[in-house]
Amino acid sequence: MRSFASVTDFRSTDGSYRLLPFRFHRLDKQNEILVNECGEFVVAPIGTTETIVRRRLLPTDNIYPTLKAKHFIYDDYSSALLDVLASKYRTKFDFIHGSTKLHIFVVTLRCDHSCHYCQVSRQTVNKGEFDMPYEVAEAAVNMMLQTPSPQVTLELQGGEPLLAFDTIKYIVSIAKPKAARLGKELDIVITSNLAFLTDEILEYCKAEEIKLSSSLDGPEFIHNANRPRPGGDSYRVAIEGIRRARRALGANRVAALMTTTQLSLQHPKEIIDEYVRQSFHTIFLRPISPYGFAVKSNHRTGYEMDAFLEFYRTGLNHIIDLNRKGYSLTEIYTKILLQKMLMPEGTGYVDLQSPSGAGWNVLVYNYDGDVYATDEARMLAEMQDHTFKLGNVLKHSRAQIFTSPEFVNLLQAACNQSLPGCSDCAFQPYCGADPVYHHATQGDMIGHRATSGFCKRNMKVIEHLFSLLQAGDPDTQDILWGWVTDRNLTEIRADIPQ
Amino acid sequence: MRLHTAGTARGFRKPLVVRVTTEQLPNSERKHAALVLSSLEGVPNDFRGYAALIIQSKVDGQSISTPLIHSVRDIDHLSSGHVVVMEPLNGFIRTLYRPESQHNTLFVTERCNSNCLMCSQPPTDKDDIAALSERNLKLIDLMSPAPEYLCITGGEPTLLGDRLLAILGKLRDVMPCTYVHMLTNGRRFAWADFTSDLAGVRHPNFSVGIPLYADHATLHDYIVQARGAFDQTILGLHQLARQGVEIEIRIVLHALTAPRLVLLAEYICRNVTFVDHVSFMGMEHIGYVPRNMSELWIDPVDYQEQLEKSVAFLTRFGINVRIYNLQLCVLKPSLWKYSKQAISDWKNAYGEVCEDCTVRDRCGGFFQWSTKQRSRGFHAIPIKRDLNGMELTH
């Protein structure tokens, strides 16, 4: 028979420990949150961080092994398992791998709508010179398919892209065989207001397996007010288009996005209920982008971030309530943040990443061949600000685009790990960097966090989500975890103890 | 379930691995067969070609050159197709394989590099690896028909080194459709070469079951009584994942693992997120357990809340969970749906209290030897409930 050693034989001998990188943030009057490089967190009484860094923690303290387990501290008893930490870090940042996945083609600037928040300047419906020439389209397709990523999403937008349907057909006809030859998986989406949807177009989308993404800003009075068009019937047109598209393509191939205007702010529940009425199972409570006509028409659409956050919280509560009552509806921004907070993987969402998705994970090819880092960057150019114009598909190679001074400048402000105000922020692993936003709103790509709407929104939303998770209401937990793991409430309840 | 018997051996010096037959076989099929007889009376004295004889009555005097064990206490449990090992020194006949069972094992060594406080089969330090490996290679040849499921267990199988690769390679060649699950502490997989060699065998239906008892080294190492074990196991799990090996995490429930169970669940989700499922197991009261009872005993009733929270965390995250060796009357009804019958059919037993129970047919019962210390939760369940713990009305 062998003998047994005592538990004290398996502890650090001198009680000393060392720190691994982590950050902290005061959550409320009682608690602070400690977050490590991979987004793992510990919620602990205020003062815990001080105890840790002043080396007052004892191996016999309850939290000691937890901090060790979560890679906040290590001691000489066991290895710090840095390989495991590295592997977790690599998993979090896997989205960098493969480079550009989303490629936005602006096939025309023409549009029949004149939305207040539009991110592009409108042109009248007939002006052919604002369509993408075939020569440009071909060069853009070639550049798109030079990406190392085995999966490529081609998003055709405008203006109203269906006004240039022939251009769409041309792009698809050259992109598909070329992608197949290169062994790349190609997803195609058309972002349209659906006003010009014909049976011919629907048949084409069905045959080519193209998805449709449209806009729905809420009930009729909000949608029509936000999205004016001749006849004042943009809501009727959108709803009819969505119904026809679903019939032809199937419900899962038709999506809708909403933009929050000042009018919308007063009606979170009505907007969400409209999505339920139209049988959507996802909604994205999106604040307005401070670009293009949104900036110009600030008096009509602009608002303070506080007002948006109030809208978001009320909306999210309502959405959780709907799920509780049996209607499955996911709020996309919440889902993205929860994935970052709760799961080992990162997300593919390009607008909240560090390094920023701009350029690296998304490229925009304008109708004239100019290449931009993001859709917002293109819109700045429409306002004569060419800061983020990386080149032109007819003049530059992919390598030249990615080594352009414009892209290098952008990259220098693209990592929140090294941005002032972000580098020591506890929520850094959940957040992103947005040089284009800060350039547009603060005239500086690095920006000033204390007055940044981007920072305010993410800090407050993340705090709110932590408070929902900490409150521990089982229904809320099940619903939120269900969003993260793609299960509705019935499905997740079948999996968990009941 | 009887798995061994004994008699008096004669006519052989090395252990014989043979397939039992209770009927005479034609000459061509006798090479690896042991004929079982109640006595030699009235049996023609023609045993040519048999590998061995197993005879219940006493044999003396007769001139039989075939190796045999006579005066065997019990032969009723020996059926045609069973594979047994016959020991020359003590006349033991141990059943190694029963084709009709779902719980066949390859026992590969009694040695172990850990010494878990609750080990049900305490390790020994004698070097049995060469002999047992030889026996197991022979056993694999005789398993017919091939089992659906086979468990490689010990001791610690990875101590076999190259011999383990040989066994796994043979299983791959002889019975590729048999699902092979290996119970190991996973420590040796921290060495990338060994892990890639093992994965290099390319067995098409192979998985490992690896215990993880805590979210940090001090507690895990204390439970398994080995410094560095936690680090090695965690690194080993990562190497296995890199090689694409399917992994089950096994957690034995006792007074040392229960308090940090939820934190362990969280640790698994974050650090070994690639595992295929997590199994929680009630403690067996055998081996070292009686000796360490004062440290290990907790009434399962008293850790149900932690268990439920851990299961909730894992399943919300999306990891599959199973629970073994806990009786339905002790388990929270919310956890019934994860409960599986005992890991081995020869372990199931029921008590007097179980006679009136309405869910006995779906309960694993308890181990034959778990009779001394029982949960105060043991009782017959009077109302039919389904596996979700909901009352059945009919």
# chains A, B, ... in the order shown; residues from 1 in each chain; ligands from 1
$ residues_around --residues "A:Ala433" --least-positions-apart "2" --cutoff "8 Å" --atoms "only C-alpha atoms" --output "list of chain:residue names"
A:Leu352, A:Gln353, A:Ser354, A:Pro355, A:Ser356, A:Ala413, A:Ala414, A:Cys415, A:Asn416, A:Cys431, A:Pro435
$ write_last_selection --atoms "N, CA and C atoms" --output "mmCIF file, in the first residue's frame"
data_model
loop_
_atom_site.group_PDB
_atom_site.id
_atom_site.type_symbol
_atom_site.label_atom_id
_atom_site.label_comp_id
_atom_site.auth_asym_id
_atom_site.auth_seq_id
_atom_site.Cartn_x
_atom_site.Cartn_y
_atom_site.Cartn_z
ATOM 1 N N LEU A 352 -16.770 45.982 -34.360
ATOM 2 C CA LEU A 352 -16.344 46.027 -32.961
ATOM 3 C C LEU A 352 -15.205 45.027 -32.770
ATOM 4 N N GLN A 353 -14.047 45.413 -33.309
ATOM 5 C CA GLN A 353 -12.899 44.534 -33.226
ATOM 6 C C GLN A 353 -11.644 45.334 -32.962
ATOM 7 N N SER A 354 -10.681 44.625 -32.423
ATOM 8 C CA SER A 354 -9.355 45.210 -32.292
ATOM 9 C C SER A 354 -8.341 44.108 -32.596
ATOM 10 N N PRO A 355 -7.486 44.253 -33.597
ATOM 11 C CA PRO A 355 -7.419 45.380 -34.524
ATOM 12 C C PRO A 355 -8.757 45.606 -35.233
ATOM 13 N N SER A 356 -9.038 46.881 -35.470
ATOM 14 C CA SER A 356 -10.276 47.260 -36.114
ATOM 15 C C SER A 356 -10.500 46.498 -37.423
ATOM 16 N N ALA A 413 -4.023 53.479 -35.357
ATOM 17 C CA ALA A 413 -5.052 53.793 -34.356
ATOM 18 C C ALA A 413 -6.069 52.664 -34.264
ATOM 19 N N ALA A 414 -5.689 51.468 -34.741
ATOM 20 C CA ALA A 414 -6.683 50.403 -34.906
ATOM 21 C C ALA A 414 -6.654 49.363 -33.793
ATOM 22 N N CYS A 415 -5.747 49.511 -32.826
ATOM 23 C CA CYS A 415 -5.660 48.507 -31.763
ATOM 24 C C CYS A 415 -5.982 49.155 -30.422
ATOM 25 N N ASN A 416 -7.087 48.762 -29.822
ATOM 26 C CA ASN A 416 -7.430 49.381 -28.537
ATOM 27 C C ASN A 416 -6.449 48.978 -27.433
ATOM 28 N N CYS A 431 -14.324 44.987 -26.468
ATOM 29 C CA CYS A 431 -14.618 46.174 -27.263
ATOM 30 C C CYS A 431 -13.802 46.164 -28.547
ATOM 31 N N PRO A 435 -11.187 53.868 -35.589
ATOM 32 C CA PRO A 435 -10.507 55.091 -36.007
ATOM 33 C C PRO A 435 -11.368 55.953 -36.936
#
$ interface_residues --of "chain B" --to "chain A" --cutoff "6 Å" --atoms "only C-alpha atoms" --output "list in words"
Asp215, His216, Thr218, Tyr222, Arg270, Ala312, Thr315, Ser334 and Leu335 of chain B
$ select_by_dssp --residues "stretch 175-386 of chain B" --states "strand (DSSP E)" --output "JSON, numbers by chain"
{"B": [179, 180, 181, 182, 183, 206, 207, 208, 209, 210, 211, 246, 247, 248, 249, 250, 251, 252, 253, 277, 278, 279, 280, 281, 282, 320, 321, 322, 323, 324, 348, 349, 366, 367]}
$ write_last_selection --atoms "N, CA and C atoms" --output "mmCIF file, in the first residue's frame"
data_model
loop_
_atom_site.group_PDB
_atom_site.id
_atom_site.type_symbol
_atom_site.label_atom_id
_atom_site.label_comp_id
_atom_site.auth_asym_id
_atom_site.auth_seq_id
_atom_site.Cartn_x
_atom_site.Cartn_y
_atom_site.Cartn_z
ATOM 1 N N TYR B 179 -15.981 0.589 -30.996
ATOM 2 C CA TYR B 179 -15.733 1.900 -30.398
ATOM 3 C C TYR B 179 -14.839 1.718 -29.175
ATOM 4 N N VAL B 180 -13.649 2.286 -29.204
ATOM 5 C CA VAL B 180 -12.677 2.072 -28.129
ATOM 6 C C VAL B 180 -12.564 3.340 -27.266
ATOM 7 N N HIS B 181 -12.810 3.169 -25.979
ATOM 8 C CA HIS B 181 -12.709 4.285 -25.045
ATOM 9 C C HIS B 181 -11.599 3.960 -24.044
ATOM 10 N N MET B 182 -10.659 4.855 -23.860
ATOM 11 C CA MET B 182 -9.539 4.581 -22.953
ATOM 12 C C MET B 182 -9.609 5.494 -21.728
ATOM 13 N N LEU B 183 -9.591 4.886 -20.550
ATOM 14 C CA LEU B 183 -9.586 5.650 -19.307
ATOM 15 C C LEU B 183 -8.140 5.913 -18.906
ATOM 16 N N PHE B 206 -12.046 6.090 -31.715
ATOM 17 C CA PHE B 206 -11.281 6.098 -30.469
ATOM 18 C C PHE B 206 -11.571 7.365 -29.670
ATOM 19 N N SER B 207 -11.718 7.204 -28.367
ATOM 20 C CA SER B 207 -11.851 8.381 -27.515
ATOM 21 C C SER B 207 -11.168 8.116 -26.177
ATOM 22 N N VAL B 208 -10.901 9.194 -25.448
ATOM 23 C CA VAL B 208 -10.285 9.036 -24.134
ATOM 24 C C VAL B 208 -11.195 9.638 -23.063
ATOM 25 N N GLY B 209 -11.154 9.056 -21.873
ATOM 26 C CA GLY B 209 -11.857 9.594 -20.711
ATOM 27 C C GLY B 209 -10.809 10.020 -19.703
ATOM 28 N N ILE B 210 -10.803 11.314 -19.373
ATOM 29 C CA ILE B 210 -9.735 11.865 -18.531
ATOM 30 C C ILE B 210 -10.328 12.592 -17.332
ATOM 31 N N PRO B 211 -9.885 12.240 -16.121
ATOM 32 C CA PRO B 211 -10.432 12.907 -14.941
ATOM 33 C C PRO B 211 -9.829 14.290 -14.712
ATOM 34 N N GLU B 246 -11.152 12.574 -29.623
ATOM 35 C CA GLU B 246 -12.391 12.846 -28.897
ATOM 36 C C GLU B 246 -12.163 12.663 -27.389
ATOM 37 N N ILE B 247 -12.683 13.613 -26.595
ATOM 38 C CA ILE B 247 -12.356 13.625 -25.167
ATOM 39 C C ILE B 247 -13.605 13.661 -24.287
ATOM 40 N N GLU B 248 -13.625 12.790 -23.272
ATOM 41 C CA GLU B 248 -14.614 12.868 -22.198
ATOM 42 C C GLU B 248 -13.888 13.306 -20.929
ATOM 43 N N ILE B 249 -14.448 14.297 -20.214
ATOM 44 C CA ILE B 249 -13.879 14.674 -18.911
ATOM 45 C C ILE B 249 -14.679 13.944 -17.841
ATOM 46 N N ARG B 250 -13.980 13.343 -16.879
ATOM 47 C CA ARG B 250 -14.656 12.569 -15.823
ATOM 48 C C ARG B 250 -14.393 13.214 -14.466
ATOM 49 N N ILE B 251 -15.464 13.454 -13.744
ATOM 50 C CA ILE B 251 -15.347 14.097 -12.436
ATOM 51 C C ILE B 251 -15.988 13.205 -11.386
ATOM 52 N N VAL B 252 -15.179 12.723 -10.434
ATOM 53 C CA VAL B 252 -15.735 11.928 -9.345
ATOM 54 C C VAL B 252 -16.207 12.880 -8.247
ATOM 55 N N LEU B 253 -17.424 12.647 -7.784
ATOM 56 C CA LEU B 253 -18.030 13.548 -6.802
ATOM 57 C C LEU B 253 -17.742 13.072 -5.387
ATOM 58 N N HIS B 277 -17.764 15.651 -24.027
ATOM 59 C CA HIS B 277 -18.738 15.703 -22.952
ATOM 60 C C HIS B 277 -18.076 15.553 -21.592
ATOM 61 N N VAL B 278 -18.862 15.886 -20.580
ATOM 62 C CA VAL B 278 -18.374 15.835 -19.205
ATOM 63 C C VAL B 278 -19.238 14.831 -18.443
ATOM 64 N N SER B 279 -18.584 13.896 -17.752
ATOM 65 C CA SER B 279 -19.320 12.918 -16.949
ATOM 66 C C SER B 279 -19.064 13.160 -15.473
ATOM 67 N N PHE B 280 -20.146 13.232 -14.703
ATOM 68 C CA PHE B 280 -20.033 13.313 -13.246
ATOM 69 C C PHE B 280 -20.305 11.925 -12.700
ATOM 70 N N MET B 281 -19.518 11.495 -11.716
ATOM 71 C CA MET B 281 -19.676 10.145 -11.195
ATOM 72 C C MET B 281 -19.761 10.091 -9.692
ATOM 73 N N GLY B 282 -20.763 9.409 -9.191
ATOM 74 C CA GLY B 282 -20.833 9.156 -7.764
ATOM 75 C C GLY B 282 -19.651 8.281 -7.364
ATOM 76 N N ASN B 320 -22.129 18.698 -23.505
ATOM 77 C CA ASN B 320 -23.001 17.588 -23.085
ATOM 78 C C ASN B 320 -22.562 17.047 -21.734
ATOM 79 N N VAL B 321 -23.545 16.634 -20.949
ATOM 80 C CA VAL B 321 -23.265 16.145 -19.600
ATOM 81 C C VAL B 321 -23.916 14.781 -19.393
ATOM 82 N N ARG B 322 -23.218 13.918 -18.654
ATOM 83 C CA ARG B 322 -23.805 12.653 -18.221
ATOM 84 C C ARG B 322 -23.524 12.489 -16.731
ATOM 85 N N ILE B 323 -24.424 11.799 -16.060
ATOM 86 C CA ILE B 323 -24.227 11.513 -14.637
ATOM 87 C C ILE B 323 -24.303 10.001 -14.444
ATOM 88 N N TYR B 324 -23.313 9.451 -13.748
ATOM 89 C CA TYR B 324 -23.259 8.011 -13.500
ATOM 90 C C TYR B 324 -23.216 7.750 -11.994
ATOM 91 N N ASN B 348 -24.182 -3.074 -11.050
ATOM 92 C CA ASN B 348 -25.525 -2.695 -10.609
ATOM 93 C C ASN B 348 -26.051 -3.616 -9.513
ATOM 94 N N ALA B 349 -26.595 -3.014 -8.487
ATOM 95 C CA ALA B 349 -27.254 -3.800 -7.451
ATOM 96 C C ALA B 349 -28.373 -2.945 -6.886
ATOM 97 N N PHE B 366 -26.957 0.803 -7.098
ATOM 98 C CA PHE B 366 -25.656 1.184 -6.558
ATOM 99 C C PHE B 366 -24.710 0.008 -6.662
ATOM 100 N N PHE B 367 -23.443 0.254 -6.387
ATOM 101 C CA PHE B 367 -22.458 -0.796 -6.517
ATOM 102 C C PHE B 367 -22.692 -1.865 -5.467
#
$ select_by_dssp --residues "stretch 49-269 of chain B" --states "alpha helix (DSSP H)" --output "ChimeraX atom specification"
/B:129-142,162-174,192-200,217-224,229-242,261-269
$ residues_around --residues "stretch 96-112 of chain B" --least-positions-apart "6" --cutoff "8 Å" --atoms "only C-alpha atoms" --output "JSON, numbers by chain"
{"B": [3, 81, 82, 83, 84, 85, 122, 123, 124, 125, 126, 127, 128, 129, 132, 133, 136, 139, 143, 144, 145, 146, 147, 148, 149, 150, 151, 152, 153, 154, 155, 156, 157, 159, 160, 343, 344, 345]}
$ residues_around --residues "A:Gln278" --least-positions-apart "2" --cutoff "9 Å" --atoms "only C-alpha atoms" --output "ChimeraX atom specification"
/A:239,242-243,273-276,280
$ residues_around --residues "B:Asp356" --least-positions-apart "2" --cutoff "9 Å" --atoms "only C-alpha atoms" --output "list in words"
Glu352, Val353, Cys354, Thr358, Arg360, Ala380, Ile381 and Pro382 of chain B
$ residues_around --residues "B:Gly91" --least-positions-apart "5" --cutoff "6 Å" --atoms "only C-alpha atoms" --output "NGL selection string"
:B and (6-9)
$ write_last_selection --atoms "C-alpha atoms" --output "JSON list (two decimals), in the first residue's frame"
[["chain", "number", "residue", "atom", "x", "y", "z"],
["B", 6, "ALA", "CA", -10.39, -21.48, -9.71],
["B", 7, "GLY", "CA", -9.24, -25.08, -9.68],
["B", 8, "THR", "CA", -6.06, -27.09, -9.90],
["B", 9, "ALA", "CA", -3.80, -26.46, -12.88]]
